[in-house]
Structures are given as C-alpha cells and as structure tokens.
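A.B. asks: File data-v7.txt follows (compact mmCIF, C-alpha atoms):
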```
# COMPACT_ATOMS: atom_id res chain seq x y z
CA MET A 650 13.84 78.80 -105.99
CA SER A 651 12.92 79.78 -102.44
CA TYR A 652 10.30 77.89 -100.44
CA THR A 653 7.62 79.77 -98.43
CA GLU A 654 5.51 78.05 -95.81
CA PRO A 655 1.82 78.21 -96.69
CA LYS A 656 -0.38 80.29 -94.41
CA PRO A 657 -3.22 78.43 -92.64
CA GLU A 658 -6.66 78.87 -94.12
CA PRO A 659 -9.11 80.94 -92.11
CA ASN A 660 -11.46 77.97 -91.83
CA SER A 661 -8.83 75.49 -90.71
CA GLU A 662 -8.98 73.74 -87.33
CA THR A 663 -6.36 76.01 -85.86
CA SER A 664 -8.64 79.02 -86.16
CA THR A 665 -11.78 77.38 -84.78
CA LEU A 666 -10.39 76.39 -81.38
CA PRO A 667 -12.06 78.40 -78.59
CA GLY A 668 -10.00 80.95 -76.80
CA PRO A 669 -9.33 80.82 -73.04
CA VAL A 670 -12.38 81.45 -70.87
CA SER A 671 -11.97 84.26 -68.40
CA ALA A 672 -13.12 83.62 -64.86
CA MET A 673 -14.88 86.94 -64.94
CA GLU A 674 -17.26 85.60 -67.56
CA GLY A 675 -18.71 82.91 -65.31
CA PRO A 676 -22.25 83.34 -63.91
CA GLU A 677 -21.03 83.27 -60.30
CA SER A 678 -18.80 86.31 -60.80
CA ARG A 679 -21.46 88.48 -62.40
CA GLN A 680 -22.41 91.34 -60.15
CA LEU A 681 -26.07 91.18 -59.18
CA SER A 682 -28.34 94.15 -59.52
CA TRP A 683 -30.11 95.45 -56.42
CA ARG A 684 -33.38 93.92 -57.58
CA GLU A 685 -31.80 90.52 -58.16
CA TYR A 686 -30.09 90.67 -54.78
CA LEU A 687 -33.28 91.56 -52.92
CA MET A 688 -35.26 88.86 -54.71
CA GLN A 689 -32.88 86.07 -53.71
CA ASN A 690 -34.21 83.54 -51.20
CA VAL A 691 -32.36 83.45 -47.89
CA ASP A 692 -30.84 80.25 -46.56
CA PRO A 693 -32.95 79.09 -43.57
CA ASN A 694 -29.92 77.42 -41.99
CA LEU A 695 -28.06 80.74 -42.03
CA SER A 696 -30.98 82.82 -40.72
CA THR A 697 -30.32 82.04 -37.06
CA SER A 698 -29.74 85.61 -35.88
CA PRO A 699 -32.90 87.28 -37.24
CA LEU A 700 -35.08 84.29 -36.33
CA ALA A 701 -33.70 84.20 -32.80
CA SER A 702 -34.40 87.94 -32.66
CA PHE A 703 -38.00 87.19 -33.66
CA CYS A 704 -38.25 84.83 -30.68
CA PHE A 705 -36.77 87.54 -28.48
CA MET A 706 -39.45 89.97 -29.65
CA THR A 707 -42.20 87.46 -28.86
CA GLY A 708 -41.10 87.38 -25.22
CA PHE A 709 -40.50 91.14 -25.20
CA ILE A 710 -43.95 92.12 -26.49
CA ASP A 711 -45.77 89.50 -24.41
CA ALA A 712 -44.08 90.76 -21.24
CA ILE A 713 -45.54 94.22 -21.86
CA THR A 714 -49.11 93.14 -22.61
CA PHE A 715 -49.29 90.46 -19.93
CA SER A 716 -48.03 92.86 -17.28
CA ALA A 717 -50.80 95.30 -18.17
CA VAL A 718 -53.83 93.14 -19.02
CA PHE A 719 -52.79 89.48 -18.49
CA VAL A 720 -53.08 88.76 -22.22
CA TRP A 721 -50.39 86.92 -24.18
CA CYS A 722 -50.72 88.58 -27.56
CA GLY A 723 -48.41 85.95 -29.07
CA PHE A 724 -50.08 82.83 -27.62
CA GLN A 725 -53.59 82.71 -28.99
CA THR A 726 -54.43 79.29 -27.55
CA GLY A 727 -55.18 80.86 -24.18
CA ASN A 728 -57.23 83.67 -25.72
CA THR A 729 -59.29 81.18 -27.72
CA VAL A 730 -60.02 79.06 -24.64
CA GLN A 731 -60.85 82.20 -22.65
CA LEU A 732 -63.46 83.18 -25.22
CA SER A 733 -64.96 79.70 -25.14
CA LEU A 734 -65.24 80.00 -21.36
CA ALA A 735 -66.95 83.37 -21.75
CA ILE A 736 -69.62 81.75 -23.92
CA ALA A 737 -69.95 78.71 -21.66
CA ARG A 738 -70.46 81.04 -18.70
CA LEU A 739 -73.72 82.23 -20.25
CA PHE A 740 -75.20 78.76 -19.80
CA SER A 741 -74.09 78.27 -16.20
CA PRO A 742 -76.95 77.44 -13.80
CA GLY A 743 -78.22 80.53 -12.03
CA GLN A 744 -76.25 82.89 -14.26
CA THR A 745 -77.72 86.38 -14.19
CA ASN A 746 -74.74 88.49 -15.26
CA PHE A 747 -74.41 88.40 -19.05
CA GLU A 748 -71.85 91.17 -19.28
CA PHE A 749 -68.95 90.70 -21.70
CA ARG A 750 -66.12 91.12 -19.23
CA MET A 751 -63.15 93.38 -19.78
CA ALA A 752 -60.67 90.47 -19.87
CA ASP A 753 -62.78 88.71 -22.48
CA ARG A 754 -62.95 91.82 -24.63
CA GLN A 755 -59.19 92.19 -24.51
CA ALA A 756 -58.70 88.53 -25.44
CA LEU A 757 -61.05 88.97 -28.41
CA VAL A 758 -59.24 92.11 -29.60
CA SER A 759 -55.89 90.34 -29.35
CA LEU A 760 -57.11 87.29 -31.26
CA LEU A 761 -58.77 89.23 -34.08
CA THR A 762 -55.86 91.61 -34.62
CA PHE A 763 -53.38 88.74 -34.45
CA LEU A 764 -55.28 87.06 -37.29
CA GLY A 765 -55.36 90.34 -39.18
CA GLY A 766 -51.60 90.74 -38.87
CA ALA A 767 -51.03 87.14 -39.91
CA SER A 768 -53.20 87.63 -43.01
CA LEU A 769 -50.82 90.38 -44.15
CA GLY A 770 -48.18 87.67 -44.43
CA ARG A 771 -49.94 86.50 -47.57
CA LEU A 772 -48.48 89.53 -49.32
CA GLY A 773 -45.16 87.77 -49.00
CA ASP A 774 -46.46 84.89 -51.11
CA ARG A 775 -46.82 87.31 -54.01
CA ILE A 776 -43.39 88.87 -53.55
CA GLY A 777 -41.61 85.71 -52.45
CA SER A 778 -41.98 84.63 -48.84
CA ASN A 779 -38.28 83.83 -48.38
CA THR A 780 -36.81 86.72 -50.33
CA ARG A 781 -34.66 89.35 -48.67
CA LEU A 782 -37.09 92.00 -49.92
CA TRP A 783 -40.16 90.58 -48.19
CA LEU A 784 -38.41 89.51 -44.99
CA SER A 785 -36.98 92.99 -44.58
CA LEU A 786 -40.17 94.78 -45.65
CA GLY A 787 -42.39 92.56 -43.49
CA THR A 788 -40.22 93.15 -40.45
CA PHE A 789 -40.35 96.88 -41.13
CA ILE A 790 -44.16 96.65 -41.10
CA GLN A 791 -43.89 94.88 -37.74
CA ALA A 792 -41.84 97.83 -36.53
CA LEU A 793 -44.56 100.23 -37.67
CA PHE A 794 -47.20 98.21 -35.79
CA THR A 795 -45.06 98.27 -32.66
CA MET A 796 -44.51 102.01 -33.00
CA ALA A 797 -48.28 102.50 -33.37
CA ALA A 798 -48.76 100.47 -30.17
CA ALA A 799 -46.27 102.74 -28.39
CA LEU A 800 -48.05 105.91 -29.52
CA THR A 801 -51.57 104.75 -28.70
CA VAL A 802 -50.63 103.40 -25.28
CA TRP A 803 -48.78 106.64 -24.55
CA LYS A 804 -51.79 108.72 -25.61
CA GLY A 805 -54.03 106.45 -23.53
CA GLY A 806 -52.28 107.74 -20.43
CA GLN A 807 -52.90 104.65 -18.29
CA GLY A 808 -50.59 102.54 -16.15
CA SER A 809 -48.22 99.78 -17.20
CA VAL A 810 -48.61 97.09 -14.54
CA ALA A 811 -51.82 95.52 -13.26
CA ASP A 812 -51.92 94.29 -9.68
CA ASP A 813 -54.85 91.92 -10.16
CA ARG A 814 -56.53 90.13 -13.08
CA GLY A 815 -59.79 91.80 -12.19
CA ASP A 816 -58.23 95.24 -12.39
CA PRO A 817 -56.24 95.56 -15.67
CA ALA A 818 -54.05 98.59 -16.23
CA TRP A 819 -55.44 99.23 -19.72
CA THR A 820 -59.18 99.81 -20.05
CA ASN A 821 -59.79 102.77 -22.38
CA ALA A 822 -60.22 102.68 -26.16
CA LYS A 823 -56.69 103.83 -26.99
CA SER A 824 -55.14 101.06 -24.91
CA PHE A 825 -57.34 98.56 -26.78
CA VAL A 826 -55.94 99.91 -30.04
CA GLY A 827 -52.41 99.58 -28.66
CA LEU A 828 -53.06 95.97 -27.68
CA GLY A 829 -54.37 95.35 -31.19
CA PHE A 830 -51.29 96.79 -32.89
CA ALA A 831 -48.99 94.74 -30.64
CA SER A 832 -50.90 91.55 -31.44
CA ALA A 833 -50.87 92.33 -35.17
CA SER A 834 -47.09 92.69 -35.12
CA ILE A 835 -46.74 89.25 -33.55
CA GLY A 836 -49.24 87.74 -36.00
CA LEU A 837 -47.26 88.99 -38.99
CA GLN A 838 -44.03 87.83 -37.39
CA GLY A 839 -45.47 84.36 -36.86
CA ILE A 840 -46.45 83.70 -40.46
CA MET A 841 -43.14 85.10 -41.71
CA GLY A 842 -41.21 82.82 -39.38
CA LYS A 843 -43.30 79.85 -40.50
CA ARG A 844 -42.61 80.54 -44.17
CA VAL A 845 -38.85 80.48 -43.61
CA ASN A 846 -39.33 76.83 -42.56
CA SER A 847 -36.55 76.46 -40.02
CA GLN A 848 -36.08 74.84 -36.62
CA PHE A 849 -37.48 78.04 -35.06
CA ALA A 850 -40.96 77.16 -36.39
CA THR A 851 -43.24 80.23 -36.12
CA THR A 852 -40.93 82.01 -33.60
CA VAL A 853 -44.14 82.70 -31.64
CA VAL A 854 -45.54 79.55 -30.04
CA LEU A 855 -42.91 77.34 -28.41
CA THR A 856 -45.14 74.45 -27.33
CA THR A 857 -44.37 72.63 -30.57
CA VAL A 858 -40.70 73.54 -30.26
CA TRP A 859 -40.60 72.11 -26.73
CA CYS A 860 -42.25 68.86 -27.89
CA GLU A 861 -39.89 68.46 -30.85
CA LEU A 862 -36.91 69.26 -28.66
CA MET A 863 -37.76 66.65 -26.05
CA SER A 864 -38.42 64.02 -28.72
CA ASP A 865 -35.22 64.75 -30.66
CA PRO A 866 -33.22 61.48 -30.87
CA LYS A 867 -29.99 63.51 -30.63
CA LEU A 868 -31.10 65.48 -27.57
CA PHE A 869 -28.11 64.35 -25.50
CA GLY A 870 -25.57 64.35 -28.31
CA ARG A 871 -22.27 66.06 -27.61
CA ARG A 872 -21.67 67.57 -31.03
CA PHE A 873 -23.52 70.42 -32.72
CA VAL A 874 -26.96 69.24 -33.81
CA ASN A 875 -28.94 71.71 -35.89
CA THR A 876 -32.38 70.30 -35.02
CA ARG A 877 -31.67 70.46 -31.30
CA ASP A 878 -29.44 73.47 -30.81
CA HIS A 879 -31.58 75.91 -32.80
CA LYS A 880 -34.56 74.96 -30.66
CA PHE A 881 -32.53 75.67 -27.52
CA ILE A 882 -31.65 79.06 -28.98
CA ALA A 883 -35.34 79.78 -29.68
CA VAL A 884 -36.35 78.96 -26.10
CA PHE A 885 -33.52 80.97 -24.57
CA ALA A 886 -34.16 83.98 -26.85
CA LEU A 887 -37.86 84.08 -25.90
CA PHE A 888 -37.01 83.78 -22.21
CA LEU A 889 -34.44 86.56 -22.53
CA GLY A 890 -36.96 88.74 -24.38
CA GLY A 891 -39.52 88.34 -21.60
CA PHE A 892 -36.92 89.23 -18.97
CA ALA A 893 -35.71 92.28 -20.90
CA GLY A 894 -39.25 93.43 -21.67
CA ARG A 895 -40.29 93.45 -18.03
CA ALA A 896 -37.02 95.08 -16.90
CA ILE A 897 -37.38 97.91 -19.42
CA LEU A 898 -41.09 98.21 -18.65
CA ASP A 899 -40.33 98.86 -14.98
CA LYS A 900 -37.97 101.67 -15.96
CA VAL A 901 -39.74 103.50 -18.78
CA GLY A 902 -43.33 102.21 -18.82
CA SER A 903 -45.35 100.42 -21.51
CA ALA A 904 -45.05 103.11 -24.19
CA GLY A 905 -41.30 103.41 -23.72
CA ALA A 906 -40.87 99.64 -23.83
CA PHE A 907 -42.84 99.47 -27.07
CA GLY A 908 -40.57 102.22 -28.38
CA VAL A 909 -37.50 100.13 -27.60
CA GLY A 910 -39.17 97.19 -29.33
CA THR A 911 -39.72 99.35 -32.40
CA GLY A 912 -36.00 100.05 -32.61
CA ILE A 913 -35.13 96.36 -32.25
CA ARG A 914 -37.55 95.40 -35.01
CA PHE A 915 -36.01 98.02 -37.28
CA LEU A 916 -32.56 96.51 -36.70
CA ILE A 917 -33.91 93.05 -37.49
CA ALA A 918 -35.33 94.40 -40.76
CA ILE A 919 -31.86 95.61 -41.73
CA ALA A 920 -30.28 92.31 -40.65
CA TRP A 921 -32.44 90.35 -43.14
CA LEU A 922 -30.70 92.19 -45.98
CA PHE A 923 -27.38 90.55 -45.10
CA VAL A 924 -28.49 86.93 -44.69
CA PRO A 925 -26.70 84.75 -47.29
CA ALA A 926 -28.76 83.45 -50.18
CA LYS A 927 -29.84 79.85 -50.45
CA LYS A 928 -27.62 78.01 -52.91
CA SER A 929 -29.32 76.45 -55.91
CA GLY A 930 -30.07 72.77 -55.45
CA LYS A 931 -29.66 72.97 -51.69
```
As structure tokens, what does this structure read like?
C.D. replies:
Amino acid sequence: MSYTEPKPEPNSETSTLPGPVSAMEGPESRQLSWREYLMQNVDPNLSTSPLASFCFMTGFIDAITFSAVFVWCGFQTGNTVQLSLAIARLFSPGQTNFEFRMADRQALVSLLTFLGGASLGRLGDRIGSNTRLWLSLGTFIQALFTMAAALTVWKGGQGSVADDRGDPAWTNAKSFVGLGFASASIGLQGIMGKRVNSQFATTVVLTTVWCELMSDPKLFGRRFVNTRDHKFIAVFALFLGGFAGRAILDKVGSAGAFGVGTGIRFLIAIAWLFVPAKKSGK
C-alpha cells in the first residue's frame, strides 16, 4: 500500500505567513500628485537661496526709491519717525507753514502701501504659509507689484535720481503709485520671509539681524554655524542688491531697473518650487 504525504490545510500556519513586502509599496516611494507636492512645507534650513534672494531684492528696490525720493520703502522705521516729525512740526513755536511736505507725503504713501502688501501675506495662512504653493504664488504677486511699479514710473516720465532731498525726482501722481507698488512688494516679501522662520528673519529689516549676529556666542567660531553664517549671507545679499540696483539704475533708469527686478522676482518664484520639503518630525 503506497503512502501519500498529506497536503497542508488552507488554514494552516504555512498559508497565513505574510508574503515579502515590496519596497515600492512603502509610503516614501509613492509618487506624489502635483497638489500634494505643492502643499508640502519647505525646509527653512534648505531655503537659503530664495531667502537670500529676498534680501537681495530689498537692497535692489530700496536703491531705486531712495535714489529718486530718499525713501526706504523696505525700512518703515524711518518713515514712521518722519511722519511723527511732520506732526510735531505743527506745534513748533512760530510755525506758520502747515503744508504737508512732499517728502512727508511720500513717506506716508510708502508706509500705508507697505502695510497693505504685508496684509496680503495673511492669504498664505489660509493656504499654508510655508507651502511651496504659497511661497511661489506670493513671490509671483511680488513680481506683479514690481512690474506695476515699472509701468507707472515709466508712464510718469520723470527722472530717476534726485540731487537734493528738497527736490525729489518723483513728484507726480503716477510716480506716487509706482512708489506704492514698490513698497507693497516689499511688505508682502517681509511677512512671507517672517513666516518661513529662518535666520534671515523678515529679509527686509536687518537691524535685528545685525544685533543677533553680534550677540551670537559662536560669532568667531571656525566651523560652519547656521545661526551666524546665514545672517552674514543676509547682510551681504542686501548690500549686493543695493549696489546692483544703483548700477542698473544709472544705466537704464528707474523703470528699467524695476523691470529687471520683476524678472528676478519671477525667477525666485520658480526657485521656491524646488526647495526640499521639511521632513516629518524635524
């Protein structure tokens, strides 16, 4: 009588062991959709290039507006103090001239439009302030503001460089609009830079960056120090932007310089799309 080996039952332990897991089934290997990719938060520590470019644009835009009307559209501390002086002047003994001076009007326009541009940054809170989508879209809006500044200054038909504070190069309504668009672009840039929460701070005002840099305990360290070196990059980028802005301004005028700034902002908007995502738990 022949002997046949019994076949294993379907419910035996040998049939319930899990099969090998393919690496392609892991969550890390799953290809993200465009929406998922755009909605990922960027890593602030790997956002050095676009944030340094923001600092560059602060110097670039300020060089144009200061050369024309002696207004820093990115540094609103001075504009705020200037407006306080304009009010205090009304109470000076023997004051008979109550005119709202041209420089004071320009400072007010810059301050108000800066705040308006910054308020647009709240749209990013709804989308996700650190997502690739908002950082790219917000920078594109900055580019549109800068382009509008170029067009209005060009249509204004006035000069680009003022020889004296009492004689600004921009005085007509269209140049006021151009100054406003330039300030709005910096305002939006500032709140976007702040939301990224990096060593570059707002990418607009460097007074805080200077103070933090000088108080850094590793200021004279020989190795790479993130808290120190990124601040050095921010300062250098702003300085370089101011130099480049004035050099281009002397060649092509205010409108042309704003046009170049528009192109740079557009490139920054594209660059945000390629910043690596922040890893979970980091």
A.B. asks: Go through A:Gly806, A:Pro742, A:Pro693, A:Gly815 one by one, measure the shortest atom-to-atom distance of each to Ala904 in chain A using all atoms listed in the file, and give the residue with the smallest value.
C.D. replies: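 For Ala904 in chain A, the nearest of the given residues is A:Gly806.
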A.B. asks: At a cut-off of 10 Å around the point (-33.6, 90.1, -46.1) (file coordinates), what residues fall inside when counting only C-alpha atoms? I'd like the answer as a list in words.
C.D. replies: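 Residues close enough to count: Tyr686, Leu687, Met688, Gln689, Asn690, Val691, Ser696, Pro699, Asn779, Thr780, Arg781, Leu782, Trp783, Leu784, Ser785, Leu786, Gly787, Thr788, Ile917, Ala918, Ile919, Ala920, Trp921, Leu922, Phe923, Val924, Pro925 and Ala926 of chain A.
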A.B. asks: CA of Gly902 in chain A to CA of Ser809 in chain A: how many Å, to one decimal?
C.D. replies: 5.7 Å
A.B. asks: Restricting the calculation to all atoms listed in the file: of A:Asp816, A:Gly908, A:Thr697, A:Glu685, which residue gets closest to Trp803 in chain A?
C.D. replies: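 Closest residue, counting all atoms listed in the file: A:Gly908.
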A.B. asks: Please identify all polymer residues lying at most 12 Å from the point (-43.5, 101.3, -31.4) (file coordinates), using all atoms listed in the file, and present the result as a PyMOL selection string.
C.D. replies: chain A and resi 710+789-803+827-828+830-831+834+903-915
A.B. asks: Using C-alpha atoms, can you export the residues from the last selection as a short mmCIF file (atom, residue, chain, number, x, y, z; two decimals), keeping the file's coordinate frame?
C.D. replies:
```cif
data_model
loop_
_atom_site.label_atom_id
_atom_site.label_comp_id
_atom_site.auth_asym_id
_atom_site.auth_seq_id
_atom_site.Cartn_x
_atom_site.Cartn_y
_atom_site.Cartn_z
CA ILE A 710 -43.95 92.12 -26.49
CA PHE A 789 -40.35 96.88 -41.13
CA ILE A 790 -44.16 96.65 -41.10
CA GLN A 791 -43.89 94.88 -37.74
CA ALA A 792 -41.84 97.83 -36.53
CA LEU A 793 -44.56 100.23 -37.67
CA PHE A 794 -47.20 98.21 -35.79
CA THR A 795 -45.06 98.27 -32.66
CA MET A 796 -44.51 102.01 -33.00
CA ALA A 797 -48.28 102.50 -33.37
CA ALA A 798 -48.76 100.47 -30.17
CA ALA A 799 -46.27 102.74 -28.39
CA LEU A 800 -48.05 105.91 -29.52
CA THR A 801 -51.57 104.75 -28.70
CA VAL A 802 -50.63 103.40 -25.28
CA TRP A 803 -48.78 106.64 -24.55
CA GLY A 827 -52.41 99.58 -28.66
CA LEU A 828 -53.06 95.97 -27.68
CA PHE A 830 -51.29 96.79 -32.89
CA ALA A 831 -48.99 94.74 -30.64
CA SER A 834 -47.09 92.69 -35.12
CA SER A 903 -45.35 100.42 -21.51
CA ALA A 904 -45.05 103.11 -24.19
CA GLY A 905 -41.30 103.41 -23.72
CA ALA A 906 -40.87 99.64 -23.83
CA PHE A 907 -42.84 99.47 -27.07
CA GLY A 908 -40.57 102.22 -28.38
CA VAL A 909 -37.50 100.13 -27.60
CA GLY A 910 -39.17 97.19 -29.33
CA THR A 911 -39.72 99.35 -32.40
CA GLY A 912 -36.00 100.05 -32.61
CA ILE A 913 -35.13 96.36 -32.25
CA ARG A 914 -37.55 95.40 -35.01
CA PHE A 915 -36.01 98.02 -37.28
#
```
A.B. asks: Given only C-alpha atoms as the basis, pick out the residue of A:Thr857, A:Gln731, A:Thr726, A:Ser741 nearest to Arg754 in chain A.
C.D. replies: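 Looking at the shortest contact to Arg754 in chain A, the residue is A:Gln731.
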A.B. asks: Could you please determine the separation between CA of Ser768 in chain A and CA of Phe881 in chain A in Å, to one decimal place?
C.D. replies: 28.5 Å
A.B. asks: What does the structure give for the distance between CA of Gln755 in chain A and CA of Gly723 in chain A, in Å to one decimal?
C.D. replies: 13.3 Å
A.B. asks: Can you pull out the residues contacting range 889-892 of chain A? Cut-off 9 Å, using all atoms listed in the file, and skip same-chain residues under 6 positions away; I want them as JSON, numbers by chain.
C.D. replies: {"A": [702, 704, 705, 706, 707, 708, 709, 710, 711, 712, 713]}
A.B. asks: My list of candidates is A:Ser847, A:Val810, A:Arg895, A:Glu748. Which is closest to His879 in chain A when distances are computed with all atoms listed in the file?
C.D. replies: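 Smallest distance to His879 in chain A is found for A:Ser847.
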